[in-house]
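**Student:** Pasting data_28.cif below, which is mmCIF, C-alpha atoms, pLDDT in the B column; chains and numbers go by the auth columns.
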data_work
loop_
_atom_site.group_PDB
_atom_site.id
_atom_site.type_symbol
_atom_site.label_atom_id
_atom_site.label_comp_id
_atom_site.label_asym_id
_atom_site.label_seq_id
_atom_site.Cartn_x
_atom_site.Cartn_y
_atom_site.Cartn_z
_atom_site.B_iso_or_equiv
_atom_site.auth_seq_id
_atom_site.auth_asym_id
ATOM 1 C CA MET A 1 -50.657 183.142 -21.325 41.00 1 E
ATOM 2 C CA SER A 2 -51.097 186.616 -22.754 40.00 2 E
ATOM 3 C CA GLU A 3 -48.062 188.672 -23.749 44.00 3 E
ATOM 4 C CA ARG A 4 -47.564 191.627 -21.457 46.00 4 E
ATOM 5 C CA ARG A 5 -44.824 193.512 -23.248 47.00 5 E
ATOM 6 C CA MET A 6 -45.272 196.459 -25.535 49.00 6 E
ATOM 7 C CA PRO A 7 -42.875 195.638 -28.374 50.00 7 E
ATOM 8 C CA ASN A 8 -44.367 198.338 -30.606 56.00 8 E
ATOM 9 C CA ASP A 9 -43.689 201.185 -28.192 69.00 9 E
ATOM 10 C CA PRO A 10 -42.106 203.839 -30.485 76.00 10 E
ATOM 11 C CA SER A 11 -40.050 205.399 -27.692 80.00 11 E
ATOM 12 C CA GLU A 12 -38.601 202.028 -26.699 79.00 12 E
ATOM 13 C CA LYS A 13 -37.749 201.211 -30.304 81.00 13 E
ATOM 14 C CA ALA A 14 -36.138 204.604 -30.783 88.00 14 E
ATOM 15 C CA ALA A 15 -34.065 204.155 -27.631 88.00 15 E
ATOM 16 C CA LYS A 16 -32.857 200.728 -28.767 86.00 16 E
ATOM 17 C CA THR A 17 -31.967 202.131 -32.170 89.00 17 E
ATOM 18 C CA ARG A 18 -29.925 204.937 -30.615 93.00 18 E
ATOM 19 C CA ILE A 19 -28.113 202.524 -28.284 94.00 19 E
ATOM 20 C CA ARG A 20 -27.330 200.121 -31.110 92.00 20 E
ATOM 21 C CA ALA A 21 -25.973 202.969 -33.233 94.00 21 E
ATOM 22 C CA GLN A 22 -23.766 204.186 -30.394 96.00 22 E
ATOM 23 C CA ASP A 23 -22.595 200.631 -29.734 96.00 23 E
ATOM 24 C CA GLN A 24 -21.595 200.283 -33.373 95.00 24 E
ATOM 25 C CA VAL A 25 -19.541 203.474 -33.200 96.00 25 E
ATOM 26 C CA TRP A 26 -17.724 202.201 -30.114 97.00 26 E
ATOM 27 C CA VAL A 27 -17.203 198.779 -31.684 97.00 27 E
ATOM 28 C CA GLU A 28 -15.656 200.264 -34.819 96.00 28 E
ATOM 29 C CA ARG A 29 -13.353 202.435 -32.719 97.00 29 E
ATOM 30 C CA ALA A 30 -12.393 199.452 -30.561 96.00 30 E
ATOM 31 C CA GLN A 31 -11.694 197.412 -33.677 95.00 31 E
ATOM 32 C CA SER A 32 -9.243 200.139 -34.644 95.00 32 E
ATOM 33 C CA GLY A 33 -7.436 199.803 -31.320 94.00 33 E
ATOM 34 C CA ASP A 34 -9.303 202.353 -29.194 96.00 34 E
ATOM 35 C CA GLN A 35 -9.393 200.690 -25.766 95.00 35 E
ATOM 36 C CA GLU A 36 -11.365 203.582 -24.298 96.00 36 E
ATOM 37 C CA ALA A 37 -14.203 202.807 -26.713 96.00 37 E
ATOM 38 C CA PHE A 38 -14.319 199.198 -25.548 97.00 38 E
ATOM 39 C CA ARG A 39 -14.330 200.412 -21.938 96.00 39 E
ATOM 40 C CA HIS A 40 -17.570 202.256 -22.722 96.00 40 E
ATOM 41 C CA LEU A 41 -19.098 198.981 -23.919 97.00 41 E
ATOM 42 C CA VAL A 42 -17.976 197.201 -20.773 97.00 42 E
ATOM 43 C CA GLU A 43 -19.469 199.915 -18.564 96.00 43 E
ATOM 44 C CA ARG A 44 -22.761 199.816 -20.450 96.00 44 E
ATOM 45 C CA TYR A 45 -23.235 196.056 -20.300 96.00 45 E
ATOM 46 C CA GLN A 46 -21.241 194.669 -17.364 96.00 46 E
ATOM 47 C CA ARG A 47 -24.167 194.572 -14.921 94.00 47 E
ATOM 48 C CA ARG A 48 -26.541 193.161 -17.500 94.00 48 E
ATOM 49 C CA VAL A 49 -24.065 190.461 -18.507 96.00 49 E
ATOM 50 C CA TYR A 50 -23.621 189.540 -14.854 95.00 50 E
ATOM 51 C CA ALA A 51 -27.417 189.433 -14.387 92.00 51 E
ATOM 52 C CA VAL A 52 -27.790 187.093 -17.362 93.00 52 E
ATOM 53 C CA ALA A 53 -24.947 184.879 -16.171 94.00 53 E
ATOM 54 C CA TYR A 54 -26.253 184.713 -12.615 92.00 54 E
ATOM 55 C CA GLY A 55 -29.783 184.014 -13.771 89.00 55 E
ATOM 56 C CA ILE A 56 -28.506 180.926 -15.582 91.00 56 E
ATOM 57 C CA VAL A 57 -25.630 179.544 -13.503 91.00 57 E
ATOM 58 C CA ARG A 58 -27.204 180.517 -10.140 87.00 58 E
ATOM 59 C CA ASN A 59 -23.868 180.989 -8.428 89.00 59 E
ATOM 60 C CA ARG A 60 -22.390 184.381 -7.613 91.00 60 E
ATOM 61 C CA ASP A 61 -18.716 183.512 -8.119 93.00 61 E
ATOM 62 C CA ASP A 62 -19.377 181.564 -11.321 93.00 62 E
ATOM 63 C CA ALA A 63 -21.445 184.456 -12.650 94.00 63 E
ATOM 64 C CA TRP A 64 -18.623 186.941 -12.093 96.00 64 E
ATOM 65 C CA ASP A 65 -16.189 184.561 -13.779 96.00 65 E
ATOM 66 C CA VAL A 66 -18.526 184.171 -16.747 96.00 66 E
ATOM 67 C CA ALA A 67 -19.075 187.934 -17.018 96.00 67 E
ATOM 68 C CA GLN A 68 -15.364 188.675 -16.982 96.00 68 E
ATOM 69 C CA GLU A 69 -14.582 185.921 -19.462 97.00 69 E
ATOM 70 C CA ALA A 70 -17.394 187.128 -21.741 97.00 70 E
ATOM 71 C CA PHE A 71 -15.793 190.553 -22.125 97.00 71 E
ATOM 72 C CA VAL A 72 -12.327 189.073 -22.564 97.00 72 E
ATOM 73 C CA LYS A 73 -13.637 186.777 -25.280 97.00 73 E
ATOM 74 C CA ALA A 74 -15.596 189.596 -26.905 97.00 74 E
ATOM 75 C CA TYR A 75 -12.505 191.799 -27.023 96.00 75 E
ATOM 76 C CA ARG A 76 -10.328 189.056 -28.467 96.00 76 E
ATOM 77 C CA ASN A 77 -12.901 188.284 -31.149 96.00 77 E
ATOM 78 C CA LEU A 78 -14.031 191.823 -31.861 95.00 78 E
ATOM 79 C CA SER A 79 -12.627 191.662 -35.380 94.00 79 E
ATOM 80 C CA ARG A 80 -15.187 188.935 -36.149 93.00 80 E
ATOM 81 C CA PHE A 81 -18.138 191.114 -35.201 93.00 81 E
ATOM 82 C CA GLN A 82 -19.759 192.200 -38.465 88.00 82 E
ATOM 83 C CA GLY A 83 -22.665 194.213 -37.113 86.00 83 E
ATOM 84 C CA ASN A 84 -25.349 191.919 -38.512 86.00 84 E
ATOM 85 C CA SER A 85 -26.917 191.895 -35.061 88.00 85 E
ATOM 86 C CA GLY A 86 -26.630 194.301 -32.147 92.00 86 E
ATOM 87 C CA PHE A 87 -23.434 194.177 -30.111 96.00 87 E
ATOM 88 C CA TYR A 88 -25.440 193.277 -26.983 94.00 88 E
ATOM 89 C CA THR A 89 -27.043 190.328 -28.807 94.00 89 E
ATOM 90 C CA TRP A 90 -23.605 189.096 -29.841 96.00 90 E
ATOM 91 C CA LEU A 91 -22.302 189.633 -26.302 97.00 91 E
ATOM 92 C CA TYR A 92 -25.259 187.769 -24.786 96.00 92 E
ATOM 93 C CA ARG A 93 -24.591 184.856 -27.142 95.00 93 E
ATOM 94 C CA ILE A 94 -21.016 184.674 -25.852 97.00 94 E
ATOM 95 C CA THR A 95 -22.278 184.899 -22.276 97.00 95 E
ATOM 96 C CA TYR A 96 -24.883 182.193 -22.787 95.00 96 E
ATOM 97 C CA ASN A 97 -22.351 179.785 -24.289 95.00 97 E
ATOM 98 C CA LEU A 98 -19.958 180.386 -21.396 96.00 98 E
ATOM 99 C CA CYS A 99 -22.803 179.739 -18.956 94.00 99 E
ATOM 100 C CA ILE A 100 -23.559 176.418 -20.591 91.00 100 E
ATOM 101 C CA ASP A 101 -19.875 175.474 -20.452 91.00 101 E
ATOM 102 C CA THR A 102 -19.809 176.399 -16.759 91.00 102 E
ATOM 103 C CA MET A 103 -22.942 174.381 -16.003 88.00 103 E
ATOM 104 C CA ARG A 104 -21.580 171.343 -17.770 83.00 104 E
ATOM 105 C CA SER A 105 -18.209 171.486 -16.038 81.00 105 E
ATOM 106 C CA ARG A 106 -19.589 172.014 -12.564 67.00 106 E
ATOM 107 C CA SER A 107 -19.890 168.835 -10.521 45.00 107 E
ATOM 108 C CA ARG A 108 -22.721 170.119 -8.416 45.00 108 E
ATOM 109 C CA ARG A 109 -25.031 173.100 -8.317 44.00 109 E
ATOM 110 C CA SER A 110 -24.849 175.754 -5.620 44.00 110 E
ATOM 111 C CA PHE A 111 -27.930 177.610 -4.493 42.00 111 E
ATOM 112 C CA VAL A 112 -27.369 181.183 -3.391 41.00 112 E
ATOM 113 C CA GLU A 113 -29.478 184.248 -2.841 42.00 113 E
ATOM 114 C CA MET A 114 -30.159 186.043 -6.095 44.00 114 E
ATOM 115 C CA ASP A 115 -29.165 189.714 -6.031 47.00 115 E
ATOM 116 C CA SER A 116 -32.367 190.654 -7.823 48.00 116 E
ATOM 117 C CA SER A 117 -34.679 188.641 -5.565 49.00 117 E
ATOM 118 C CA ARG A 118 -36.051 191.761 -3.881 49.00 118 E
ATOM 119 C CA MET A 119 -37.097 193.059 -7.293 46.00 119 E
ATOM 120 C CA LEU A 120 -38.723 189.739 -8.177 46.00 120 E
ATOM 121 C CA GLN A 121 -40.596 189.760 -4.867 50.00 121 E
ATOM 122 C CA ALA A 122 -41.887 193.267 -5.533 49.00 122 E
ATOM 123 C CA ALA A 123 -42.939 192.352 -9.062 45.00 123 E
ATOM 124 C CA VAL A 124 -44.867 189.287 -7.927 45.00 124 E
ATOM 125 C CA ALA A 125 -46.372 191.133 -4.955 47.00 125 E
ATOM 126 C CA LYS A 126 -47.554 193.931 -7.252 45.00 126 E
ATOM 127 C CA GLU A 127 -49.425 191.477 -9.445 42.00 127 E
ATOM 128 C CA ALA A 128 -50.606 189.198 -6.609 45.00 128 E
ATOM 129 C CA PRO A 129 -50.701 190.823 -3.158 45.00 129 E
ATOM 130 C CA LEU A 130 -49.969 188.495 -0.289 41.00 130 E
ATOM 131 C CA GLU A 131 -53.388 189.233 1.196 44.00 131 E
ATOM 132 C CA THR A 132 -55.080 187.365 -1.675 46.00 132 E
ATOM 133 C CA HIS A 133 -54.384 184.060 0.093 49.00 133 E
ATOM 134 C CA PRO A 134 -55.230 184.643 3.767 47.00 134 E
ATOM 135 C CA ALA A 135 -55.084 180.923 4.580 43.00 135 E
ATOM 136 C CA LYS A 136 -51.648 180.589 3.019 46.00 136 E
ATOM 137 C CA SER A 137 -50.218 184.042 3.613 46.00 137 E
ATOM 138 C CA VAL A 138 -46.450 184.252 3.679 45.00 138 E
ATOM 139 C CA ASP A 139 -44.060 187.065 4.382 53.00 139 E
ATOM 140 C CA ARG A 140 -41.912 188.564 1.664 61.00 140 E
ATOM 141 C CA ARG A 141 -38.852 186.613 2.649 69.00 141 E
ATOM 142 C CA GLU A 142 -40.666 183.317 2.275 72.00 142 E
ATOM 143 C CA LEU A 143 -42.128 184.426 -1.038 68.00 143 E
ATOM 144 C CA GLY A 144 -38.671 185.421 -2.231 69.00 144 E
ATOM 145 C CA GLN A 145 -37.356 181.998 -1.290 76.00 145 E
ATOM 146 C CA ALA A 146 -40.261 180.406 -3.141 77.00 146 E
ATOM 147 C CA ILE A 147 -39.295 182.365 -6.254 76.00 147 E
ATOM 148 C CA GLU A 148 -35.678 181.318 -5.804 78.00 148 E
ATOM 149 C CA ASN A 149 -36.657 177.677 -5.476 83.00 149 E
ATOM 150 C CA ALA A 150 -38.937 177.898 -8.505 83.00 150 E
ATOM 151 C CA LEU A 151 -36.210 179.404 -10.680 84.00 151 E
ATOM 152 C CA ASN A 152 -33.782 176.757 -9.520 86.00 152 E
ATOM 153 C CA GLU A 153 -36.256 174.065 -10.560 89.00 153 E
ATOM 154 C CA LEU A 154 -36.177 175.223 -14.168 89.00 154 E
ATOM 155 C CA SER A 155 -33.823 173.629 -16.655 89.00 155 E
ATOM 156 C CA GLU A 156 -30.903 175.732 -17.869 87.00 156 E
ATOM 157 C CA LYS A 157 -32.681 176.292 -21.183 90.00 157 E
ATOM 158 C CA HIS A 158 -35.855 177.512 -19.511 92.00 158 E
ATOM 159 C CA ARG A 159 -33.930 179.736 -17.093 90.00 159 E
ATOM 160 C CA ALA A 160 -32.093 181.276 -20.036 91.00 160 E
ATOM 161 C CA ILE A 161 -35.374 182.045 -21.769 92.00 161 E
ATOM 162 C CA ILE A 162 -36.844 183.644 -18.641 90.00 162 E
ATOM 163 C CA VAL A 163 -33.729 185.745 -18.041 89.00 163 E
ATOM 164 C CA LEU A 164 -33.400 186.947 -21.629 92.00 164 E
ATOM 165 C CA ARG A 165 -37.097 187.696 -22.079 90.00 165 E
ATOM 166 C CA GLU A 166 -38.464 188.689 -18.683 85.00 166 E
ATOM 167 C CA ILE A 167 -35.368 190.326 -17.210 83.00 167 E
ATOM 168 C CA GLU A 168 -33.415 191.617 -20.192 88.00 168 E
ATOM 169 C CA GLY A 169 -36.456 192.293 -22.365 87.00 169 E
ATOM 170 C CA LEU A 170 -35.063 190.853 -25.587 91.00 170 E
ATOM 171 C CA SER A 171 -37.449 190.268 -28.458 92.00 171 E
ATOM 172 C CA TYR A 172 -38.208 186.761 -29.718 94.00 172 E
ATOM 173 C CA GLU A 173 -35.977 187.421 -32.711 93.00 173 E
ATOM 174 C CA GLU A 174 -33.089 188.599 -30.540 93.00 174 E
ATOM 175 C CA ILE A 175 -33.393 185.595 -28.240 95.00 175 E
ATOM 176 C CA ALA A 176 -33.450 183.288 -31.255 95.00 176 E
ATOM 177 C CA ASP A 177 -30.240 184.960 -32.437 93.00 177 E
ATOM 178 C CA VAL A 178 -28.580 184.568 -29.024 93.00 178 E
ATOM 179 C CA LEU A 179 -29.572 180.927 -28.586 92.00 179 E
ATOM 180 C CA LYS A 180 -29.240 180.007 -32.264 91.00 180 E
ATOM 181 C CA VAL A 181 -32.713 178.466 -32.387 93.00 181 E
ATOM 182 C CA SER A 182 -35.857 179.290 -34.304 95.00 182 E
ATOM 183 C CA LYS A 183 -38.380 181.879 -33.159 95.00 183 E
ATOM 184 C CA GLY A 184 -40.895 179.067 -32.746 95.00 184 E
ATOM 185 C CA THR A 185 -38.533 177.249 -30.382 96.00 185 E
ATOM 186 C CA VAL A 186 -38.136 180.435 -28.349 96.00 186 E
ATOM 187 C CA MET A 187 -41.900 180.835 -28.036 96.00 187 E
ATOM 188 C CA SER A 188 -42.338 177.170 -27.099 96.00 188 E
ATOM 189 C CA ARG A 189 -39.616 177.260 -24.429 94.00 189 E
ATOM 190 C CA LEU A 190 -40.974 180.484 -22.986 93.00 190 E
ATOM 191 C CA PHE A 191 -44.489 179.062 -22.792 94.00 191 E
ATOM 192 C CA HIS A 192 -43.323 175.955 -20.956 93.00 192 E
ATOM 193 C CA ALA A 193 -40.997 177.916 -18.664 91.00 193 E
ATOM 194 C CA ARG A 194 -43.803 180.270 -17.659 88.00 194 E
ATOM 195 C CA ARG A 195 -46.213 177.420 -17.098 89.00 195 E
ATOM 196 C CA LYS A 196 -43.649 175.611 -14.942 89.00 196 E
ATOM 197 C CA LEU A 197 -43.225 178.712 -12.795 84.00 197 E
ATOM 198 C CA GLN A 198 -46.999 179.041 -12.533 83.00 198 E
ATOM 199 C CA ASP A 199 -47.266 175.508 -11.206 86.00 199 E
ATOM 200 C CA LEU A 200 -44.419 175.968 -8.741 86.00 200 E
ATOM 201 C CA LEU A 201 -45.703 179.278 -7.389 82.00 201 E
ATOM 202 C CA LYS A 202 -49.396 178.407 -7.385 81.00 202 E
ATOM 203 C CA PRO A 203 -49.546 177.971 -3.569 79.00 203 E
ATOM 204 C CA TYR A 204 -48.504 181.606 -3.155 71.00 204 E
ATOM 205 C CA ILE A 205 -50.703 183.229 -5.775 65.00 205 E
ATOM 206 C CA GLN A 206 -54.458 183.627 -6.064 58.00 206 E
ATOM 207 C CA ASP A 207 -56.086 181.161 -8.449 49.00 207 E
ATOM 208 C CA GLY A 208 -56.512 182.490 -11.964 44.00 208 E
ATOM 209 C CA GLN A 209 -54.133 185.396 -11.453 44.00 209 E
ATOM 210 C CA ALA A 210 -51.140 185.922 -13.705 46.00 210 E
ATOM 211 C CA ILE A 211 -47.962 184.954 -11.933 47.00 211 E
ATOM 212 C CA LEU A 212 -45.079 185.984 -14.122 47.00 212 E
ATOM 213 C CA PRO A 213 -44.793 189.770 -14.444 45.00 213 E
ATOM 214 C CA GLN A 214 -42.158 191.599 -16.444 34.00 214 E
ATOM 215 C CA PHE A 215 -38.940 191.166 -14.482 39.00 215 E
ATOM 216 C CA LYS A 216 -37.046 194.299 -15.511 37.00 216 E
ATOM 217 C CA LEU A 217 -33.800 194.874 -13.658 33.00 217 E
ATOM 218 C CA SER A 218 -33.918 198.651 -13.901 29.00 218 E
ATOM 219 C CA THR A 219 -31.263 198.953 -11.238 26.00 219 E
ATOM 220 C CA GLN A 220 -28.861 196.931 -13.389 37.00 220 E
ATOM 221 C CA ARG A 221 -29.258 198.900 -16.596 36.00 221 E
ATOM 222 C CA SER A 222 -26.860 201.562 -17.767 35.00 222 E
#
Let me see the file written as structure tokens.

**Tutor:**
Amino acid sequence: MSERRMPNDPSEKAAKTRIRAQDQVWVERAQSGDQEAFRHLVERYQRRVYAVAYGIVRNRDDAWDVAQEAFVKAYRNLSRFQGNSGFYTWLYRITYNLCIDTMRSRSRRSFVEMDSSRMLQAAVAKEAPLETHPAKSVDRRELGQAIENALNELSEKHRAIIVLREIEGLSYEEIADVLKVSKGTVMSRLFHARRKLQDLLKPYIQDGQAILPQFKLSTQRS
């Protein structure tokens, strides 16, 4: 499957550099006891952390618990942050580990409506209009449920890869840092996760058409 991102976009790189620099300033102030500085970090990343958590644990209440615990844990361990990676990468690593702990401790999985499902529906519809399959046409609600079901069919590792790459837009290197795996493992997991989604959503998409667009949660960014 061809890569659809534009990792070499100078404006995107410049924006990330500015955000990382500002994050570092706030982190250093927070490390010195400035609670207002840490509040800025919470405000910048709280929705994105929740989106990551929900994308993995697939339960609204659990996702809020994970998001809150992630910031508590980040604050308590802020002195350990050395700045070798971006603050958001470090925060996502904390979030991911808490998600895995939540998944392992939960006796059963709950399936709930994903807050971003309307965005996923629009993204899929943009790349594959419903009219392309007249014999198997479905309304947007049914397509959204199909996407939900497909995401729920993925393993926790594959869901994490999809969320971090397709929703949060992290680079392969950043994902490898979050998950503590090699770049090659990231690429392999992403390939298999995308192919699994292709297979699951094939009845709703025209043959030969790309299924997985860039899932950017613009409404959840700061």

**Student:** Do you know which residues are at most 7 Å from stretch 85-92 of chain E counting all atoms listed in the file, after dropping those on the same chain fewer than 5 positions away, and could you put them as a list of chain:residue names?

**Tutor:** E:Arg20, E:Asp23, E:Val49, E:Ala74, E:Glu174, E:Val178

**Student:** Could those residues be written to a file, using C-alpha atoms, as a compact mmCIF listing (two decimals), keeping the file's coordinate frame?

**Tutor:**
# COMPACT_ATOMS: atom_id res chain seq x y z
CA ARG E 20 -27.33 200.12 -31.11
CA ASP E 23 -22.60 200.63 -29.73
CA VAL E 49 -24.06 190.46 -18.51
CA ALA E 74 -15.60 189.60 -26.90
CA GLU E 174 -33.09 188.60 -30.54
CA VAL E 178 -28.58 184.57 -29.02

**Student:** Which is closer to E:Ala67 than all the others in E:Gln31, E:Asn84, E:Asn97, E:Gln198, using only C-alpha atoms?

**Tutor:**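 Result for the nearest residue to E:Ala67: E:Asn97.
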
**Student:** Would you compute the distance between atom CA of E:Ile94 and atom CA of E:Phe71? Give it in Å to one decimal.

**Tutor:** 8.7 Å

**Student:** Just so the selection is clear, what residues does the PyMOL selection byres ((chain E and resi 45) around 9) cover here, as a ChimeraX atom specification?

**Tutor:** /E:40-44,46-50,88,91,220-222

**Student:** When distances are computed from all atoms listed in the file, which of E:Ile175, E:Phe191, E:Tyr75, E:Ala70 shows the smallest separation from E:Asp34?

**Tutor:**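 With all atoms listed in the file as the atom set, the closest residue is E:Tyr75.
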
**Student:** For atom CA of E:Ala160 and atom CA of E:Ile56, quote the distance in Å rounded to one decimal.

**Tutor:** 5.7 Å

**Student:** Atom CA of E:Arg195 and atom CA of E:Cys99, how far apart in Å?

**Tutor:**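 Between atom CA of E:Cys99 and atom CA of E:Arg195 the gap is 23.6 Å.
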
**Student:** Here's the selection I'm unsure about, the PyMOL selection byres ((chain E and resi 194) around 10); applied to the file above, which residues does it give, as a list in words?

**Tutor:**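 Output from the PyMOL selection byres ((chain E and resi 194) around 10), applied to this file: Met1, Leu154, His158, Arg159, Ile161, Ile162, Arg189, Leu190, Phe191, His192, Ala193, Arg195, Lys196, Leu197, Gln198, Asp199, Leu200, Ile211 and Leu212 of chain E.
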
**Student:** Please produce an output containing C-alpha atoms for each residue in the selection, written as an mmCIF file, in the frame of the given file.

**Tutor:**
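Produced file result-v1.cif, reproduced below:
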data_model
loop_
_atom_site.group_PDB
_atom_site.id
_atom_site.type_symbol
_atom_site.label_atom_id
_atom_site.label_comp_id
_atom_site.auth_asym_id
_atom_site.auth_seq_id
_atom_site.Cartn_x
_atom_site.Cartn_y
_atom_site.Cartn_z
ATOM 1 C CA MET E 1 -50.657 183.142 -21.325
ATOM 2 C CA LEU E 154 -36.177 175.223 -14.168
ATOM 3 C CA HIS E 158 -35.855 177.512 -19.511
ATOM 4 C CA ARG E 159 -33.930 179.736 -17.093
ATOM 5 C CA ILE E 161 -35.374 182.045 -21.769
ATOM 6 C CA ILE E 162 -36.844 183.644 -18.641
ATOM 7 C CA ARG E 189 -39.616 177.260 -24.429
ATOM 8 C CA LEU E 190 -40.974 180.484 -22.986
ATOM 9 C CA PHE E 191 -44.489 179.062 -22.792
ATOM 10 C CA HIS E 192 -43.323 175.955 -20.956
ATOM 11 C CA ALA E 193 -40.997 177.916 -18.664
ATOM 12 C CA ARG E 195 -46.213 177.420 -17.098
ATOM 13 C CA LYS E 196 -43.649 175.611 -14.942
ATOM 14 C CA LEU E 197 -43.225 178.712 -12.795
ATOM 15 C CA GLN E 198 -46.999 179.041 -12.533
ATOM 16 C CA ASP E 199 -47.266 175.508 -11.206
ATOM 17 C CA LEU E 200 -44.419 175.968 -8.741
ATOM 18 C CA ILE E 211 -47.962 184.954 -11.933
ATOM 19 C CA LEU E 212 -45.079 185.984 -14.122
#

**Student:** Point out the residue among E:Val181, E:Arg58, E:Ala53, E:Leu170 with the least atom-to-atom distance to E:Glu153, counting all atoms listed in the file.

**Tutor:**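 Comparing E:Val181, E:Arg58, E:Ala53, E:Leu170 against E:Glu153, the winner is E:Arg58.
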
**Student:** Taking the file as I've supplied it (selection: the PyMOL selection byres ((chain E and resi 26) around 8)), which residues are included? Please answer as a PyMOL selection string.

**Tutor:** chain E and resi 22-25+27-30+37-38+40-41

**Student:** Which of these residues is nearest to E:Lys13, using all atoms listed in the file: E:Arg93, E:Ser171, E:Lys202, E:Val57?

**Tutor:**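 Going through E:Arg93, E:Ser171, E:Lys202, E:Val57 one by one, the smallest distance to E:Lys13 is for E:Ser171.
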